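Structure file entry.txt; described as compact mmCIF, C-alpha atoms and all ligand atoms.
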```txt
# COMPACT_ATOMS: atom_id res chain seq x y z
CA MET W 1 175.33 -20.57 170.29
CA ILE W 2 175.08 -17.24 172.17
CA SER W 3 171.30 -17.49 172.29
CA LYS W 4 171.63 -21.06 173.66
CA ILE W 5 173.89 -19.82 176.50
CA LYS W 6 171.60 -16.85 177.15
CA ARG W 7 168.58 -19.15 177.34
CA LYS W 8 170.40 -21.39 179.83
CA LEU W 9 171.36 -18.36 181.98
CA ASN W 10 167.76 -17.14 181.88
CA THR W 11 166.62 -20.32 183.63
CA TYR W 12 168.33 -18.81 186.74
CA ARG W 13 166.65 -15.40 186.47
CA SER W 14 163.15 -13.98 186.57
CA ILE W 15 161.43 -10.61 186.29
CA LYS W 16 159.46 -9.51 189.36
CA HIS W 17 156.29 -7.81 188.24
CA LYS W 18 153.53 -6.92 190.75
CA GLY W 19 154.71 -9.80 192.98
CA PHE W 20 154.67 -12.37 190.16
CA ASN W 21 157.75 -14.18 188.87
CA LEU W 22 157.76 -13.84 185.09
CA PRO W 23 160.19 -15.48 182.66
CA ILE W 24 162.80 -13.50 180.74
CA THR W 25 162.92 -16.00 177.86
CA ARG W 26 159.35 -16.59 176.69
CA THR W 27 158.12 -19.07 174.11
CA ASN W 28 155.08 -16.89 173.40
CA GLN W 29 155.23 -14.64 170.38
CA GLY W 30 153.76 -11.20 171.03
CA LEU W 31 153.75 -11.41 174.85
CA ASN W 32 156.94 -9.54 175.75
CA ASP W 33 155.05 -6.88 177.70
CA ASN W 34 154.57 -8.11 181.29
CA GLU W 35 151.07 -6.75 181.67
CA ASN W 36 149.98 -8.34 178.37
CA TYR W 37 151.61 -11.59 179.47
CA LEU W 38 149.54 -11.75 182.67
CA ASN W 39 146.37 -10.54 180.98
CA SER W 40 146.69 -13.13 178.19
CA SER W 41 146.53 -15.86 180.80
CA LYS W 42 143.76 -14.22 182.83
CA GLU W 43 141.61 -13.92 179.69
CA GLN W 44 141.94 -17.65 179.04
CA ILE W 45 141.18 -18.46 182.68
CA ASP W 46 138.09 -16.22 182.61
CA HIS W 47 137.04 -18.14 179.50
CA LEU W 48 137.60 -21.50 181.26
CA VAL W 49 135.54 -20.30 184.24
CA SER W 50 132.71 -19.01 182.00
CA LEU W 51 132.62 -22.38 180.23
CA LYS W 52 132.56 -24.09 183.68
CA LEU W 53 135.75 -25.99 182.84
CA ILE W 54 137.59 -25.17 186.09
CA ASN W 55 136.72 -24.69 189.74
CA GLU W 56 138.38 -25.27 193.12
CA THR W 57 138.06 -29.07 192.81
CA SER W 58 139.68 -29.34 189.35
CA ASN W 59 142.72 -31.46 188.51
CA VAL W 60 144.38 -29.74 185.56
CA LEU W 61 147.09 -30.93 183.19
CA ASP W 62 148.82 -28.09 181.33
CA PHE W 63 150.37 -29.87 178.35
CA GLY W 64 153.31 -27.95 176.83
CA SER W 65 153.24 -25.72 179.89
CA GLY W 66 156.26 -23.61 178.82
CA GLN W 67 157.11 -21.11 181.54
CA GLY W 68 153.88 -21.75 183.47
CA ARG W 69 151.95 -18.80 182.01
CA LEU W 70 148.74 -20.52 183.16
CA VAL W 71 150.00 -20.69 186.75
CA ASN W 72 150.77 -16.97 186.84
CA GLY W 73 147.32 -16.35 185.37
CA LEU W 74 145.62 -18.45 188.07
CA LYS W 75 147.42 -16.47 190.77
CA PHE W 76 146.66 -13.16 189.01
CA ALA W 77 142.96 -14.06 188.60
CA ASN W 78 142.88 -15.41 192.16
CA ILE W 79 141.43 -18.75 191.06
CA ASN W 80 142.12 -21.85 193.16
CA ILE W 81 142.22 -25.34 191.72
CA GLU W 82 142.83 -28.70 193.42
CA GLU W 83 145.94 -29.79 191.52
CA TYR W 84 148.06 -28.52 188.61
CA VAL W 85 150.53 -30.61 186.60
CA GLY W 86 152.62 -28.92 183.91
CA VAL W 87 154.38 -31.12 181.36
CA ASP W 88 156.90 -29.93 178.80
CA THR W 89 159.55 -31.40 176.53
CA ASP W 90 161.81 -28.38 177.04
CA ALA W 91 164.05 -29.03 180.08
CA ASN W 92 164.93 -25.33 180.54
CA SER W 93 161.28 -24.33 180.81
CA ILE W 94 160.59 -26.99 183.43
CA LYS W 95 163.73 -25.97 185.37
CA TRP W 96 162.58 -22.34 185.33
CA CYS W 97 159.10 -23.26 186.61
CA ASN W 98 160.57 -25.40 189.40
CA ARG W 99 162.86 -22.53 190.43
CA PHE W 100 160.44 -19.63 190.25
CA LEU W 101 156.85 -20.86 190.54
CA ASN W 102 157.14 -23.64 193.10
CA ASN W 103 157.10 -21.17 196.01
CA TYR W 104 153.58 -20.05 195.06
CA ASN W 105 151.16 -21.40 197.62
CA MET W 106 149.49 -23.80 195.16
CA ASN W 107 149.50 -27.57 194.54
CA LEU W 108 151.86 -27.54 191.54
CA LYS W 109 154.02 -30.13 189.84
CA PHE W 110 156.25 -29.54 186.78
CA VAL W 111 157.40 -32.60 184.85
CA HIS W 112 159.98 -32.85 182.09
CA LEU W 113 158.87 -35.35 179.45
CA PRO W 114 161.44 -35.40 176.65
CA ALA W 115 159.34 -36.04 173.53
CA PHE W 116 160.63 -35.21 170.06
CA ASN W 117 159.59 -31.86 168.64
CA ALA W 118 161.51 -30.38 165.68
CA ARG W 119 161.24 -26.91 167.21
CA TYR W 120 161.54 -27.50 170.96
CA ASN W 121 163.42 -30.76 171.45
CA LYS W 122 165.30 -32.21 168.50
CA SER W 123 167.47 -34.50 170.58
CA ALA W 124 164.61 -36.64 171.91
CA ASN W 125 163.60 -39.94 170.30
CA GLY W 126 159.94 -40.07 169.30
CA LEU W 127 156.86 -39.36 171.37
CA LEU W 128 156.17 -40.53 174.91
CA GLU W 129 152.96 -41.64 176.54
CA LEU W 130 151.98 -39.41 179.44
CA PRO W 131 152.94 -41.02 182.77
CA VAL W 132 149.41 -40.58 184.04
CA GLU W 133 146.73 -43.10 185.01
CA ASN W 134 143.47 -43.35 183.00
CA ASN W 135 140.59 -40.94 183.83
CA LYS W 136 142.73 -38.75 186.12
CA PHE W 137 142.14 -35.16 184.93
CA ASP W 138 139.14 -32.83 184.79
CA LEU W 139 140.85 -30.60 182.28
CA VAL W 140 143.74 -30.87 179.82
CA PHE W 141 144.75 -27.36 178.77
CA LEU W 142 147.07 -26.71 175.85
CA ASN W 143 147.73 -23.27 174.51
CA SER W 144 149.84 -22.83 171.41
CA VAL W 145 151.14 -26.40 171.40
CA PHE W 146 149.29 -28.06 168.49
CA SER W 147 150.22 -24.92 166.54
CA HIS W 148 153.79 -26.35 166.61
CA MET W 149 153.03 -29.99 165.73
CA MET W 150 152.45 -32.09 162.64
CA SER W 151 149.35 -34.28 162.37
CA ASN W 152 150.86 -37.64 163.50
CA ASP W 153 151.86 -36.05 166.81
CA ILE W 154 148.46 -34.43 167.23
CA ALA W 155 146.70 -37.77 166.58
CA PHE W 156 148.94 -39.44 169.19
CA TYR W 157 148.30 -36.82 171.90
CA LEU W 158 144.54 -36.55 171.27
CA LYS W 159 144.27 -40.29 172.02
CA GLU W 160 146.38 -39.83 175.15
CA PHE W 161 144.17 -36.94 176.33
CA ASN W 162 141.06 -39.03 175.74
CA ARG W 163 142.61 -41.74 177.93
CA ILE W 164 143.56 -39.44 180.83
CA ILE W 165 140.46 -37.23 181.17
CA ASN W 166 137.62 -38.48 183.34
CA LYS W 167 134.12 -39.07 181.99
CA ASN W 168 133.04 -35.43 182.45
CA GLY W 169 136.50 -34.10 181.68
CA ALA W 170 137.39 -31.67 178.89
CA ILE W 171 140.24 -30.59 176.69
CA TYR W 172 140.75 -26.90 175.89
CA LEU W 173 143.18 -26.45 173.02
CA THR W 174 144.27 -23.81 170.54
CA ALA W 175 145.41 -24.30 166.95
CA PHE W 176 145.69 -22.49 163.63
CA THR W 177 142.65 -23.67 161.65
CA GLU W 178 141.20 -22.14 158.49
CA GLU W 179 138.80 -22.94 155.64
CA ASN W 180 139.88 -23.48 152.01
CA VAL W 181 143.56 -24.15 152.68
CA PRO W 182 145.66 -27.34 152.22
CA ASN W 183 145.13 -29.96 154.95
CA VAL W 184 148.47 -29.25 156.66
CA SER W 185 150.94 -26.38 156.01
CA GLU W 186 154.13 -25.80 157.95
CA ASN W 187 154.98 -22.06 158.04
CA PRO W 188 152.64 -21.01 155.21
CA ILE W 189 154.01 -17.83 153.64
CA ASP W 190 151.81 -14.74 153.97
CA TYR W 191 149.64 -16.34 156.65
CA LEU W 192 149.51 -13.91 159.61
CA ASN W 193 152.73 -12.25 158.33
CA GLU W 194 154.72 -15.49 158.24
CA THR W 195 158.15 -14.82 156.75
CA ASN W 196 159.56 -18.37 156.77
CA LYS W 197 162.53 -17.12 158.81
CA ASN W 198 161.25 -18.38 162.11
CA GLY W 199 162.47 -21.98 161.99
CA SER W 200 160.74 -25.38 161.98
CA LEU W 201 157.14 -25.64 163.14
CA HIS W 202 156.82 -21.92 163.83
CA ARG W 203 153.22 -22.06 162.66
CA VAL W 204 151.46 -25.22 161.57
CA ARG W 205 148.11 -24.40 159.97
CA TYR W 206 145.31 -26.94 159.46
CA GLU W 207 142.31 -27.09 157.19
CA ILE W 208 139.35 -27.12 159.56
CA ASN W 209 137.61 -30.28 158.25
CA TYR W 210 140.90 -32.17 158.29
CA PHE W 211 141.61 -31.04 161.86
CA ASN W 212 138.08 -32.09 162.87
CA SER W 213 138.76 -35.55 161.39
CA LEU W 214 141.84 -35.93 163.64
CA ILE W 215 139.60 -35.15 166.62
CA LYS W 216 136.90 -37.58 165.46
CA ASN W 217 139.48 -40.38 164.96
CA SER W 218 140.64 -39.96 168.57
CA GLY W 219 137.10 -40.70 169.81
CA LEU W 220 136.62 -37.15 171.15
CA LYS W 221 133.77 -34.77 170.31
CA ILE W 222 133.84 -31.02 169.68
CA GLU W 223 131.77 -29.10 172.22
CA HIS W 224 132.85 -25.58 171.14
CA TYR W 225 134.82 -24.18 168.21
CA LEU W 226 135.76 -20.50 168.14
CA HIS W 227 137.64 -19.43 165.05
CA GLN W 228 140.70 -17.15 165.74
CA HIS W 229 139.36 -16.59 169.25
CA ILE W 230 142.76 -15.78 170.81
CA ASP W 231 143.28 -12.14 169.99
CA TRP W 232 147.08 -12.00 170.36
CA SER W 233 147.87 -15.16 168.38
CA LYS W 234 144.82 -15.55 166.08
CA GLN W 235 144.59 -19.18 167.10
CA SER W 236 141.22 -20.91 167.24
CA VAL W 237 139.90 -22.48 170.44
CA PHE W 238 138.42 -25.99 170.66
CA VAL W 239 136.72 -27.52 173.68
CA LEU W 240 136.57 -31.30 173.41
CA LYS W 241 134.77 -33.91 175.48
CA LYS W 242 134.47 -37.70 175.46
C1 LIG W 301 154.50 -21.69 172.22
S1 LIG W 301 154.93 -22.58 173.65
C2 LIG W 301 153.47 -22.38 174.65
C3 LIG W 301 153.76 -22.48 176.13
C4 LIG W 301 152.52 -22.37 177.04
N1 LIG W 301 151.52 -23.37 176.72
C5 LIG W 301 151.92 -20.99 177.02
O1 LIG W 301 150.80 -20.84 176.55
O2 LIG W 301 152.59 -20.08 177.49
C6 LIG W 301 154.82 -24.30 173.15
C7 LIG W 301 155.29 -25.26 174.22
O3 LIG W 301 154.94 -26.59 173.87
C8 LIG W 301 156.01 -27.44 174.27
N2 LIG W 301 155.93 -28.71 173.51
C9 LIG W 301 156.00 -28.90 172.18
N3 LIG W 301 155.91 -30.22 171.88
C10 LIG W 301 155.75 -30.88 173.05
C11 LIG W 301 155.60 -32.27 173.41
N4 LIG W 301 155.58 -33.22 172.49
N5 LIG W 301 155.48 -32.58 174.71
C12 LIG W 301 155.49 -31.60 175.66
N6 LIG W 301 155.65 -30.29 175.40
C13 LIG W 301 155.76 -29.91 174.10
C14 LIG W 301 157.24 -26.61 173.95
O4 LIG W 301 158.40 -27.06 174.59
C15 LIG W 301 156.80 -25.23 174.41
O5 LIG W 301 157.09 -24.99 175.77
```
Please lay out the structure from this file as structure tokens.
Ligand SMILES: C[S@@+](CC[C@H](N)C(=O)[O-])C[C@H]1O[C@@H](n2cnc3c(N)ncnc32)[C@H](O)[C@@H]1O
Amino acid sequence: MISKIKRKLNTYRSIKHKGFNLPITRTNQGLNDNENYLNSSKEQIDHLVSLKLINETSNVLDFGSGQGRLVNGLKFANINIEEYVGVDTDANSIKWCNRFLNNYNMNLKFVHLPAFNARYNKSANGLLELPVENNKFDLVFLNSVFSHMMSNDIAFYLKEFNRIINKNGAIYLTAFTEENVPNVSENPIDYLNETNKNGSLHRVRYEINYFNSLIKNSGLKIEHYLHQHIDWSKQSVFVLKK
């Protein structure tokens, strides 16, 4: 109860660090240090730039945008894009972004889409299609979102992403994927120091061939796969295209 009240209060407060507004309550494990928080985002943006997935004309959807870590990273890395839309099922995160990031001089929109997630939004009913026209986005970015979802949800959203990216568009996503493990494991004990005390969907790990089959069934193709590429979370990176 106390942590619920604290979380609510933290939607009205931010930390000022080097001119950036950073959240007090963060949904990212291992990113409590402000400098690490900004650098974690800059590293991913540098990766997106090196893969030629973003430039100043890009329309980007940040799915499961949390506290807009990507937006702070864009400002920190001094990268301009055409349009950014952040979508999240957690109302407090979207409120925080609207309060503290909307004064950045960027074309930003934060949308609350209350879809069911056993960790982040238990009161919602089922999943929701994205209120976005077909072929709209150049890039769908999702960091540490499929790592908190079971396979039916992933299959649903992969199809949605395929629908909303344009013909040259891409999806950059992270997930826990390994070889020689069961197809799907929620909070597997002893995996990356999992203790099973972190609540539902803390870490959902997938067998790599099974995860690839979810991608294939959505009609998308894997352009890059980098096992445990994200240093601070040990999640793998996938770049998908039509
Ligand atoms: C670990 S946080 C990552 C936040 C952000 N992507 C980042 O890298 O800082 C996972 C986020 O995914 C959001 N999420 C989970 N399921 C979702 C769904 N079905 N629709 C939208 N957002 C979802 C959660 O509310 C949470 O903000």
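The shell of residues at most 10 Å from His224 in chain W, with only C-alpha atoms counted and near chain neighbours (fewer than 2 positions) removed, consists of Leu51, Tyr172, Lys221, Ile222, Leu226, His227, Val237, Phe238, Val239, Leu240 and Lys241 of chain W.
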Output the neighbourhood of ligand LIG 301 (chain W) as a list in words, that is, all protein and nucleic acid residues with some atom at most 6 Å from the ligand, counting all atoms listed in the file.
-> Thr27, Asn28, Gly64, Ser65, Gly66, Arg69, Val87, Asp88, Thr89, Asp90, Ala115, Phe116, Asn117, Tyr120, Leu142, Asn143, Ser144 and Val145 of chain W
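We find CA of Asp231 in chain W and CA of His47 in chain W to be spaced 12.9 Å apart.
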With all atoms listed in the file as the basis for distance, which of W:Pro23, W:Pro131, W:Pro188, W:Gly30 is at the shortest distance from Lys95 in chain W?
-> W:Pro23
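Atom pair CA of Val184 in chain W / CA of Ser147 in chain W has a distance of 10.9 Å (rounded to one decimal).
Excluding Ile215 in chain W itself and same-chain residues fewer than 4 positions from it, the residues having an atom within 12 Å of it are Ser151, Asn152, Ile154, Ala155, Phe156, Tyr157, Leu158, Lys159, Glu160, Phe161, Asn162, Ile171, Leu173, Ile208, Asn209, Tyr210, Phe211, Gly219, Leu220, Lys221, Ile222, Glu223, Phe238, Val239, Leu240, Lys241 and Lys242 of chain W, counting all atoms listed in the file.
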Spatial neighbours of Ile189 in chain W, max dist 12 Å, all atoms listed in the file, sep filter under 5 positions, as an NGL selection string = :W and (194-198 or 202-205)
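Here CA of Leu61 in chain W and CA of Gly86 in chain W stand 5.9 Å from one another.
Minimum atom-to-atom distances from W:Leu38, W:Leu113, W:Leu53, W:Val71 to Gly126 in chain W were compared using all atoms listed in the file, and the lowest value belongs to W:Leu113.
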Padded axis-aligned box of range 172-177 of chain W (4 Å per side), centre and edge lengths, Å, one decimal, as lines of an AutoDock Vina configuration file:
```
center_x = 143.2
center_y = -24.7
center_z = 168.8
size_x = 12.9
size_y = 12.4
size_z = 22.2
```
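Candidate residues W:Glu35, W:Glu82, W:Glu178, W:Asp138 were compared for distance to Lys18 in chain W, and the nearest is W:Glu35, using all atoms listed in the file.
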Compile the contact shell of Gly68 in chain W as number ranges by chain: residues with an atom at most 9 Å away, counting all atoms listed in the file, same-chain residues fewer than 6 positions apart removed.
-> W: 22-23, 62, 86, 93-94, 96-97, 101, 110
Kindly indicate which residue among W:Arg119, W:Lys75, W:Lys167, W:Lys216 lies nearest to Ile45 in chain W, using only C-alpha atoms for the distances.
-> W:Lys75
Name the closest residue to Asn98 in chain W among the candidates W:Phe146, W:Tyr12, W:Asn78, W:Gln44; distances are taken between atoms, counting all atoms listed in the file.
-> W:Tyr12
Which of these, W:Ile165, W:Thr174, W:Arg99, W:Leu108, has the shortest distance to Leu130 in chain W once you count all atoms listed in the file?
-> W:Ile165
